[in-house]
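Undergrad: Data file coords.cif (mmCIF, C-alpha atoms and all ligand atoms) is appended below.
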```cif
data_run
#
loop_
_atom_site.label_atom_id
_atom_site.label_comp_id
_atom_site.auth_asym_id
_atom_site.auth_seq_id
_atom_site.Cartn_x
_atom_site.Cartn_y
_atom_site.Cartn_z
CA MET A 1 0.00 0.00 0.00
CA LYS A 2 2.77 2.35 0.99
CA LEU A 3 4.81 1.38 -2.06
CA ASN A 4 1.81 1.85 -4.29
CA HIS A 5 1.30 5.36 -2.91
CA CYS A 6 4.96 6.19 -3.55
CA LEU A 7 4.71 5.00 -7.12
CA LYS A 8 1.57 7.08 -7.71
CA THR A 9 3.28 10.19 -6.36
CA LEU A 10 6.24 9.55 -8.65
CA VAL A 11 4.01 9.21 -11.70
CA ILE A 12 2.13 12.41 -10.89
CA ALA A 13 5.37 14.30 -10.22
CA SER A 14 6.97 13.22 -13.46
CA ALA A 15 3.79 14.03 -15.39
CA ALA A 16 3.81 17.49 -13.83
CA LEU A 17 7.45 17.85 -14.79
CA ALA A 18 6.73 16.78 -18.35
CA VAL A 19 4.52 19.82 -19.00
CA PRO A 20 7.15 22.48 -18.43
CA MET A 21 9.70 20.26 -20.21
CA THR A 22 7.55 20.32 -23.36
CA ALA A 23 6.88 24.02 -23.00
CA LEU A 24 10.62 24.66 -22.70
CA ALA A 25 11.59 22.56 -25.75
CA ALA A 26 13.22 24.70 -28.45
CA PRO A 27 10.85 25.50 -31.34
CA ALA A 28 11.59 23.77 -34.62
CA PRO A 29 14.09 25.78 -36.69
CA ILE A 30 12.85 27.88 -39.60
CA LEU A 31 13.65 25.89 -42.72
CA ILE A 32 14.97 27.65 -45.81
CA LYS A 33 15.32 25.47 -48.89
CA PHE A 34 17.81 27.00 -51.32
CA SER A 35 17.60 25.39 -54.74
CA HIS A 36 19.96 25.97 -57.66
CA VAL A 37 20.90 24.29 -60.92
CA VAL A 38 24.70 24.34 -60.97
CA ALA A 39 27.47 22.30 -59.36
CA GLN A 40 28.66 22.94 -55.80
CA GLN A 41 32.14 24.00 -56.93
CA THR A 42 30.85 26.88 -59.07
CA PRO A 43 30.80 30.47 -57.72
CA LYS A 44 27.03 30.21 -57.04
CA GLY A 45 27.31 26.74 -55.50
CA GLN A 46 30.08 27.84 -53.14
CA ALA A 47 28.29 31.05 -52.18
CA ALA A 48 25.06 29.15 -51.39
CA ASP A 49 27.02 26.78 -49.13
CA TYR A 50 28.79 29.71 -47.48
CA PHE A 51 25.46 31.45 -46.84
CA LYS A 52 24.14 28.25 -45.21
CA LYS A 53 27.19 27.98 -42.97
CA ILE A 54 27.16 31.53 -41.65
CA ALA A 55 23.37 31.77 -41.41
CA GLU A 56 23.13 28.61 -39.30
CA GLU A 57 26.01 29.74 -37.09
CA ARG A 58 24.80 33.28 -36.56
CA THR A 59 21.17 32.33 -35.88
CA LYS A 60 22.43 29.68 -33.45
CA GLY A 61 20.32 26.95 -34.98
CA ARG A 62 17.09 28.97 -35.20
CA VAL A 63 17.40 28.76 -38.99
CA LYS A 64 18.23 25.65 -40.97
CA ILE A 65 19.26 26.01 -44.59
CA GLU A 66 19.06 23.08 -46.97
CA VAL A 67 20.97 23.70 -50.20
CA TYR A 68 19.96 21.59 -53.22
CA PRO A 69 22.52 21.97 -56.05
CA ASN A 70 22.51 20.59 -59.62
CA SER A 71 18.73 20.83 -60.26
CA GLN A 72 18.21 18.13 -57.59
CA LEU A 73 15.05 19.79 -56.33
CA PHE A 74 13.83 21.90 -59.23
CA LYS A 75 14.90 22.64 -62.80
CA ASP A 76 15.06 26.15 -64.30
CA LYS A 77 11.44 26.81 -65.08
CA GLU A 78 9.98 24.87 -62.15
CA GLU A 79 12.14 26.65 -59.59
CA MET A 80 10.62 30.08 -60.32
CA GLU A 81 7.11 28.67 -60.01
CA ALA A 82 8.06 26.83 -56.81
CA LEU A 83 9.38 30.06 -55.29
CA GLN A 84 6.19 31.93 -56.09
CA MET A 85 4.14 29.11 -54.60
CA GLY A 86 6.35 28.89 -51.52
CA SER A 87 7.59 25.31 -51.99
CA VAL A 88 11.17 26.64 -52.00
CA GLN A 89 12.34 29.75 -50.14
CA MET A 90 15.53 30.87 -51.88
CA LEU A 91 16.95 30.71 -55.42
CA ALA A 92 19.68 32.42 -57.38
CA PRO A 93 18.58 32.15 -61.02
CA SER A 94 20.55 33.55 -63.89
CA LEU A 95 19.44 37.06 -64.88
CA ALA A 96 18.68 35.56 -68.32
CA LYS A 97 15.75 33.62 -66.86
CA PHE A 98 13.49 36.45 -65.69
CA GLY A 99 11.73 37.08 -69.04
CA PRO A 100 9.18 34.28 -68.60
CA LEU A 101 8.22 35.86 -65.24
CA GLY A 102 7.29 39.00 -67.15
CA LEU A 103 10.40 40.92 -66.08
CA LYS A 104 12.00 41.51 -69.46
CA GLU A 105 14.12 44.39 -68.13
CA PHE A 106 16.60 41.91 -66.67
CA GLU A 107 17.50 40.80 -70.20
CA VAL A 108 19.56 43.99 -70.41
CA PHE A 109 22.33 41.91 -68.79
CA ASP A 110 22.25 39.55 -71.81
CA LEU A 111 23.00 42.22 -74.41
CA PRO A 112 26.22 41.19 -76.18
CA PHE A 113 29.37 43.16 -75.31
CA ILE A 114 27.50 45.51 -72.96
CA PHE A 115 30.07 44.98 -70.18
CA ASP A 116 33.80 44.97 -70.91
CA ASP A 117 34.72 43.63 -67.47
CA TYR A 118 33.55 43.08 -63.89
CA ALA A 119 34.24 46.71 -62.96
CA GLU A 120 31.67 47.89 -65.53
CA LEU A 121 29.21 45.23 -64.46
CA HIS A 122 29.49 46.27 -60.80
CA LYS A 123 28.60 49.85 -61.67
CA VAL A 124 25.19 48.41 -62.54
CA THR A 125 24.76 45.56 -60.05
CA GLN A 126 26.10 47.58 -57.11
CA GLY A 127 24.52 50.88 -58.11
CA PRO A 128 21.10 52.50 -58.41
CA VAL A 129 20.17 50.85 -61.72
CA GLY A 130 20.65 47.39 -60.22
CA ALA A 131 18.64 48.32 -57.13
CA LYS A 132 15.81 49.66 -59.26
CA LEU A 133 15.66 46.42 -61.22
CA LEU A 134 15.56 44.28 -58.07
CA HIS A 135 12.70 46.39 -56.81
CA LYS A 136 10.60 45.30 -59.81
CA LEU A 137 10.55 41.74 -58.48
CA GLU A 138 8.13 42.77 -55.75
CA SER A 139 5.28 43.02 -58.26
CA LYS A 140 5.72 39.25 -58.72
CA GLY A 141 5.60 38.46 -55.00
CA LEU A 142 9.38 38.11 -54.87
CA MET A 143 12.31 40.05 -53.43
CA GLY A 144 15.82 40.35 -54.82
CA LEU A 145 18.37 40.31 -52.01
CA ALA A 146 21.60 40.62 -53.99
CA TYR A 147 23.41 40.14 -57.26
CA TRP A 148 25.97 37.34 -57.36
CA ASP A 149 28.62 37.30 -60.08
CA ASN A 150 29.47 34.44 -62.34
CA GLY A 151 31.35 35.53 -65.42
CA PHE A 152 31.88 36.20 -69.08
CA LYS A 153 30.80 33.57 -71.57
CA VAL A 154 32.70 31.39 -74.01
CA MET A 155 31.08 29.79 -77.09
CA SER A 156 31.49 26.09 -77.67
CA ALA A 157 30.64 23.82 -80.60
CA ASN A 158 31.91 20.86 -82.57
CA LYS A 159 33.27 23.12 -85.25
CA PRO A 160 35.60 26.06 -84.67
CA LEU A 161 33.66 29.28 -84.18
CA LYS A 162 36.02 32.03 -85.29
CA LYS A 163 34.35 33.97 -88.03
CA VAL A 164 30.75 35.14 -87.92
CA GLU A 165 29.98 32.85 -90.89
CA ASP A 166 30.99 29.84 -88.79
CA PHE A 167 27.76 30.15 -86.79
CA LYS A 168 25.56 29.64 -89.83
CA GLY A 169 23.02 26.88 -89.18
CA GLN A 170 24.55 25.85 -85.83
CA LYS A 171 21.92 24.83 -83.30
CA MET A 172 22.91 26.64 -80.13
CA ARG A 173 21.39 26.00 -76.71
CA ILE A 174 20.41 29.20 -74.89
CA GLN A 175 18.76 30.17 -71.61
CA SER A 176 15.16 31.41 -71.78
CA SER A 177 16.03 34.95 -72.87
CA LYS A 178 14.71 36.60 -76.01
CA VAL A 179 17.84 38.75 -76.11
CA LEU A 180 19.99 35.63 -76.30
CA ASP A 181 17.68 34.32 -79.01
CA SER A 182 18.32 37.46 -81.08
CA GLN A 183 22.02 37.40 -80.32
CA MET A 184 22.30 33.88 -81.80
CA ARG A 185 20.16 34.80 -84.80
CA SER A 186 22.29 37.90 -85.44
CA VAL A 187 25.19 35.61 -86.39
CA GLY A 188 23.07 33.11 -88.30
CA ALA A 189 22.78 30.42 -85.60
CA ILE A 190 19.57 28.63 -84.62
CA PRO A 191 18.87 29.19 -80.92
CA GLN A 192 17.15 26.57 -78.81
CA VAL A 193 15.93 27.23 -75.26
CA MET A 194 16.70 24.33 -72.92
CA ALA A 195 16.92 23.75 -69.17
CA PHE A 196 20.48 23.78 -67.86
CA SER A 197 20.12 20.23 -66.53
CA GLU A 198 19.56 18.92 -70.05
CA VAL A 199 22.45 20.63 -71.83
CA TYR A 200 25.18 18.01 -71.40
CA GLN A 201 23.03 15.23 -72.86
CA ALA A 202 21.75 17.44 -75.66
CA LEU A 203 25.33 18.24 -76.66
CA GLN A 204 26.38 14.62 -76.36
CA THR A 205 23.57 13.29 -78.51
CA GLY A 206 23.72 16.11 -81.04
CA VAL A 207 20.28 17.55 -80.25
CA VAL A 208 22.16 20.85 -80.26
CA ASP A 209 25.57 21.62 -81.78
CA GLY A 210 26.87 24.11 -79.28
CA THR A 211 26.22 26.51 -76.44
CA GLU A 212 27.49 29.48 -74.45
CA ASN A 213 28.33 29.65 -70.73
CA PRO A 214 31.04 30.94 -68.44
CA PRO A 215 33.92 28.44 -68.11
CA SER A 216 32.89 27.54 -64.52
CA ASN A 217 29.62 26.07 -65.82
CA LEU A 218 31.16 24.53 -68.93
CA PHE A 219 33.82 22.71 -66.92
CA THR A 220 31.75 21.55 -63.94
CA GLN A 221 29.07 20.10 -66.26
CA LYS A 222 31.81 18.45 -68.35
CA MET A 223 30.45 20.13 -71.48
CA HIS A 224 34.02 20.44 -72.77
CA GLU A 225 34.12 16.63 -73.01
CA VAL A 226 31.35 16.72 -75.60
CA GLN A 227 32.41 19.88 -77.46
CA LYS A 228 35.41 19.83 -79.79
CA TYR A 229 36.04 23.59 -79.71
CA VAL A 230 35.75 26.36 -77.13
CA THR A 231 36.11 29.98 -78.27
CA ILE A 232 37.19 32.50 -75.64
CA SER A 233 35.00 35.37 -76.76
CA ASN A 234 33.76 37.04 -73.55
CA HIS A 235 30.88 38.24 -75.71
CA GLY A 236 28.36 38.40 -72.89
CA TYR A 237 27.86 38.12 -69.18
CA LEU A 238 26.04 35.54 -67.02
CA GLY A 239 25.25 36.26 -63.37
CA TYR A 240 22.51 35.93 -60.77
CA ALA A 241 20.02 37.60 -58.47
CA VAL A 242 19.29 35.92 -55.15
CA LEU A 243 15.52 35.70 -54.79
CA VAL A 244 13.16 35.03 -51.91
CA ASN A 245 9.41 34.83 -51.64
CA LYS A 246 8.42 38.25 -50.27
CA LYS A 247 5.65 37.00 -48.00
CA PHE A 248 7.97 34.41 -46.46
CA TRP A 249 10.84 36.86 -46.00
CA MET A 250 8.76 39.63 -44.49
CA GLY A 251 7.04 37.08 -42.24
CA LEU A 252 10.33 36.09 -40.58
CA PRO A 253 10.95 37.35 -37.03
CA ALA A 254 12.61 40.76 -37.42
CA ASP A 255 15.79 39.79 -35.53
CA ILE A 256 16.25 36.70 -37.72
CA ARG A 257 15.72 38.72 -40.89
CA THR A 258 18.34 41.25 -39.79
CA ILE A 259 20.87 38.47 -39.18
CA LEU A 260 20.08 36.84 -42.52
CA ASP A 261 20.39 40.18 -44.35
CA GLY A 262 23.88 40.48 -42.85
CA CYS A 263 24.73 36.93 -43.91
CA MET A 264 23.54 37.70 -47.44
CA LYS A 265 25.82 40.76 -47.57
CA ASP A 266 28.80 38.63 -46.55
CA ALA A 267 27.87 35.78 -48.90
CA THR A 268 27.68 38.32 -51.73
CA VAL A 269 31.19 39.61 -50.99
CA PHE A 270 32.30 35.97 -50.95
CA ALA A 271 30.52 35.10 -54.24
CA ASN A 272 31.94 38.09 -56.03
CA SER A 273 35.44 37.47 -54.72
CA VAL A 274 35.62 33.90 -56.04
CA ALA A 275 33.83 34.31 -59.38
CA LYS A 276 36.70 35.54 -61.54
CA LYS A 277 39.24 33.17 -60.03
CA ASP A 278 36.90 30.18 -60.42
CA ASN A 279 36.31 31.00 -64.06
CA ASP A 280 40.02 31.48 -64.76
CA GLU A 281 40.77 28.17 -63.08
CA ALA A 282 37.97 26.39 -64.94
CA MET A 283 39.30 27.69 -68.25
CA ALA A 284 42.79 26.48 -67.34
CA ALA A 285 41.34 23.07 -66.43
CA VAL A 286 39.47 22.83 -69.75
CA ARG A 287 42.72 23.64 -71.53
CA LYS A 288 44.66 21.12 -69.50
CA SER A 289 42.10 18.37 -70.12
CA GLY A 290 42.94 18.48 -73.83
CA ARG A 291 39.34 17.42 -74.56
CA SER A 292 38.51 20.50 -76.59
CA GLN A 293 40.61 22.84 -78.61
CA ILE A 294 40.70 26.40 -77.30
CA ILE A 295 40.30 29.22 -79.79
CA THR A 296 41.32 32.77 -78.99
CA LEU A 297 39.82 35.40 -81.25
CA THR A 298 42.04 37.98 -82.89
CA PRO A 299 40.98 41.60 -82.21
CA GLU A 300 39.64 41.75 -85.79
CA GLU A 301 37.57 38.58 -85.36
CA LYS A 302 36.19 39.84 -82.07
CA ALA A 303 35.31 43.17 -83.66
CA ALA A 304 33.43 41.30 -86.40
CA TRP A 305 31.39 39.37 -83.77
CA ARG A 306 30.61 42.60 -82.01
CA LYS A 307 29.55 44.31 -85.23
CA ALA A 308 27.25 41.43 -86.19
CA MET A 309 25.74 41.10 -82.71
CA ASP A 310 25.26 44.82 -82.23
CA ARG A 311 21.81 44.77 -83.84
CA THR A 312 20.63 42.72 -80.84
CA HIS A 313 20.67 45.98 -78.84
CA LYS A 314 18.46 47.89 -81.27
CA ASP A 315 16.15 44.94 -81.92
CA ASN A 316 15.46 44.51 -78.19
CA MET A 317 15.36 48.14 -77.11
CA SER A 318 11.58 48.25 -76.77
CA ARG A 319 11.36 44.76 -75.24
CA ILE A 320 13.81 45.61 -72.44
CA GLY A 321 12.77 49.26 -72.21
CA ALA A 322 14.87 52.04 -73.76
CA ASP A 323 15.16 53.80 -70.38
CA VAL A 324 16.79 50.76 -68.72
CA VAL A 325 19.15 50.12 -71.65
CA LYS A 326 20.21 53.77 -71.72
CA GLU A 327 20.76 53.86 -67.97
CA VAL A 328 23.06 50.85 -68.29
CA TYR A 329 24.90 52.43 -71.26
CA LYS A 330 25.45 55.50 -69.11
CA GLU A 331 27.08 53.41 -66.39
CA THR A 332 29.22 51.28 -68.68
CA GLY A 333 30.00 53.70 -71.48
CA TYR A 334 28.74 51.25 -74.13
CA LYS A 335 28.39 52.91 -77.52
CA PRO A 336 26.13 51.13 -80.00
C1 LIG B 1 22.40 28.25 -67.68
O1 LIG B 1 21.23 27.83 -67.72
O2 LIG B 1 23.20 28.10 -68.60
C2 LIG B 1 22.86 28.97 -66.44
O3 LIG B 1 21.91 29.92 -66.13
C3 LIG B 1 23.04 28.06 -65.29
C4 LIG B 1 23.40 28.85 -64.06
O4 LIG B 1 22.57 28.94 -63.16
O5 LIG B 1 24.52 29.37 -64.03
#
```
Using structure tokens, write down the structure from this file.

TA:
Amino acid sequence: MKLNHCLKTLVIASAALAVPMTALAAPAPILIKFSHVVAQQTPKGQAADYFKKIAEERTKGRVKIEVYPNSQLFKDKEEMEALQMGSVQMLAPSLAKFGPLGLKEFEVFDLPFIFDDYAELHKVTQGPVGAKLLHKLESKGLMGLAYWDNGFKVMSANKPLKKVEDFKGQKMRIQSSKVLDSQMRSVGAIPQVMAFSEVYQALQTGVVDGTENPPSNLFTQKMHEVQKYVTISNHGYLGYAVLVNKKFWMGLPADIRTILDGCMKDATVFANSVAKKDNDEAMAAVRKSGRSQIITLTPEEKAAWRKAMDRTHKDNMSRIGADVVKEVYKETGYKP
């Protein structure tokens, strides 16, 4: 009887204890899924991983970031829809993929030869014109937190692309940008929009003949193994905007959002500090592999590409918006 009473008291005491224990348990961390389409060793892949590391550290476990590289979670087109629907919280799509969202202004970044180098690019991405463009995302329920650099593109194919005439009839994979479509047509190529995740196989099986990308993407997707020639042309730029769903971001506790904004600033400095080096190293690795022959354009050949592609600017002026194009020209000094 006495023992029974003791046992009862113990059960009641532990049940009473269990209530505050549950109440004290830490709330589940806020989960941010960050989806992207490239390899982890690329500038974007490394920056996403760096953001995860510092965000988890600085929020002391209140935020958990899951990074899904290489189109593991979503492919190009799906990822934008998923972000708008809230099934993923963070993306960093290429600026050439905003047209289908209805934000054609971002295709200004795709205009051939508009930036000579990173310094000119940064005048836009780190200045008022870039900020104004990011602001436009809000009409789509999104927010642009930062621009992350990748780099200047090379052209690859199974025939040497040196002269403008060499492009004639070549089926070239492009991102979903009308400006890139016109750029390819301006030299007589046949553009074909395709998700990034499908490019390697399309090149391997001959569905397309060639493509354009910064060396970091070309090398990490092993495209150089299925392309006989790579032309160093630096004819255009490819980079990113980091996007979040506005409702999700603004619904975060204010202290968490402030910490994450700080992490994004630091991840951006990181991304932009590795981009050039990564691309230079990737180009050196492509060269070293001996799998494709590297072509360097003479100044005359490059001038001929530029002359042929220049009409892309005029042809897309009203699509992008003359005001945006002119604002960018003002920053970069581009003369059509
Ligand atoms: C491409 O589709 O070629 C690129 O946008 C991939 C990327 O995200 O760099």

Undergrad: Write out as a PyMOL selection string which residues come within 7 Å of Asn213 (chain A) when counting all atoms listed in the file, dropping same-chain ones fewer than 4 positions away.

TA: chain A and resi 153-155+217-218

Undergrad: Write out as a VMD selection string each polymer residue (protein, DNA or RNA) that has an atom no more than 6 Å from ligand LIG 1 (chain B), with only C-alpha atoms and all ligand atoms counted.

TA: chain A and resid 37 to 38 93 to 94 175 196 213

Undergrad: Hey, what's within 12 Å of His122 (chain A) if we count all atoms listed in the file and toss same-chain stuff fewer than 2 positions away? As an mmCIF file with C-alpha atoms, keeping the file's coordinate frame, please?

TA:
```
data_model
loop_
_atom_site.group_PDB
_atom_site.id
_atom_site.type_symbol
_atom_site.label_atom_id
_atom_site.label_comp_id
_atom_site.auth_asym_id
_atom_site.auth_seq_id
_atom_site.Cartn_x
_atom_site.Cartn_y
_atom_site.Cartn_z
ATOM 1 C CA PHE A 109 22.330 41.910 -68.790
ATOM 2 C CA PHE A 115 30.070 44.980 -70.180
ATOM 3 C CA ASP A 116 33.800 44.970 -70.910
ATOM 4 C CA ASP A 117 34.720 43.630 -67.470
ATOM 5 C CA TYR A 118 33.550 43.080 -63.890
ATOM 6 C CA ALA A 119 34.240 46.710 -62.960
ATOM 7 C CA GLU A 120 31.670 47.890 -65.530
ATOM 8 C CA VAL A 124 25.190 48.410 -62.540
ATOM 9 C CA THR A 125 24.760 45.560 -60.050
ATOM 10 C CA GLN A 126 26.100 47.580 -57.110
ATOM 11 C CA GLY A 127 24.520 50.880 -58.110
ATOM 12 C CA PRO A 128 21.100 52.500 -58.410
ATOM 13 C CA VAL A 129 20.170 50.850 -61.720
ATOM 14 C CA GLY A 130 20.650 47.390 -60.220
ATOM 15 C CA ALA A 131 18.640 48.320 -57.130
ATOM 16 C CA ALA A 146 21.600 40.620 -53.990
ATOM 17 C CA TYR A 147 23.410 40.140 -57.260
ATOM 18 C CA TRP A 148 25.970 37.340 -57.360
ATOM 19 C CA ASP A 149 28.620 37.300 -60.080
ATOM 20 C CA ASN A 150 29.470 34.440 -62.340
ATOM 21 C CA GLY A 151 31.350 35.530 -65.420
ATOM 22 C CA TYR A 237 27.860 38.120 -69.180
ATOM 23 C CA GLY A 239 25.250 36.260 -63.370
ATOM 24 C CA VAL A 269 31.190 39.610 -50.990
ATOM 25 C CA ASN A 272 31.940 38.090 -56.030
ATOM 26 C CA VAL A 328 23.060 50.850 -68.290
ATOM 27 C CA GLU A 331 27.080 53.410 -66.390
ATOM 28 C CA THR A 332 29.220 51.280 -68.680
#
```

Undergrad: Quick one: of A:Cys263, A:Val244, A:Val324, A:Leu134, who's nearest to Glu57 (chain A), counting only C-alpha atoms?

TA: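 Once distances to Glu57 (chain A) are computed over only C-alpha atoms, the minimum belongs to A:Cys263.
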
Undergrad: Please give the centre and size of the box around region 290-298 of chain A (axis-aligned, containing every atom listed in the file, 6 Å added per side), with values in Å to one decimal and written as lines of an AutoDock Vina configuration file.

TA:
```
center_x = 40.7
center_y = 27.7
center_z = -78.4
size_x = 16.4
size_y = 32.6
size_z = 21.1
```

Undergrad: Closest to Asn316 (chain A) among A:Gly144, A:Thr42, A:Gln183, A:Pro29, using only C-alpha atoms?

TA: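 Of all the options, A:Gln183 lies closest to Asn316 (chain A).
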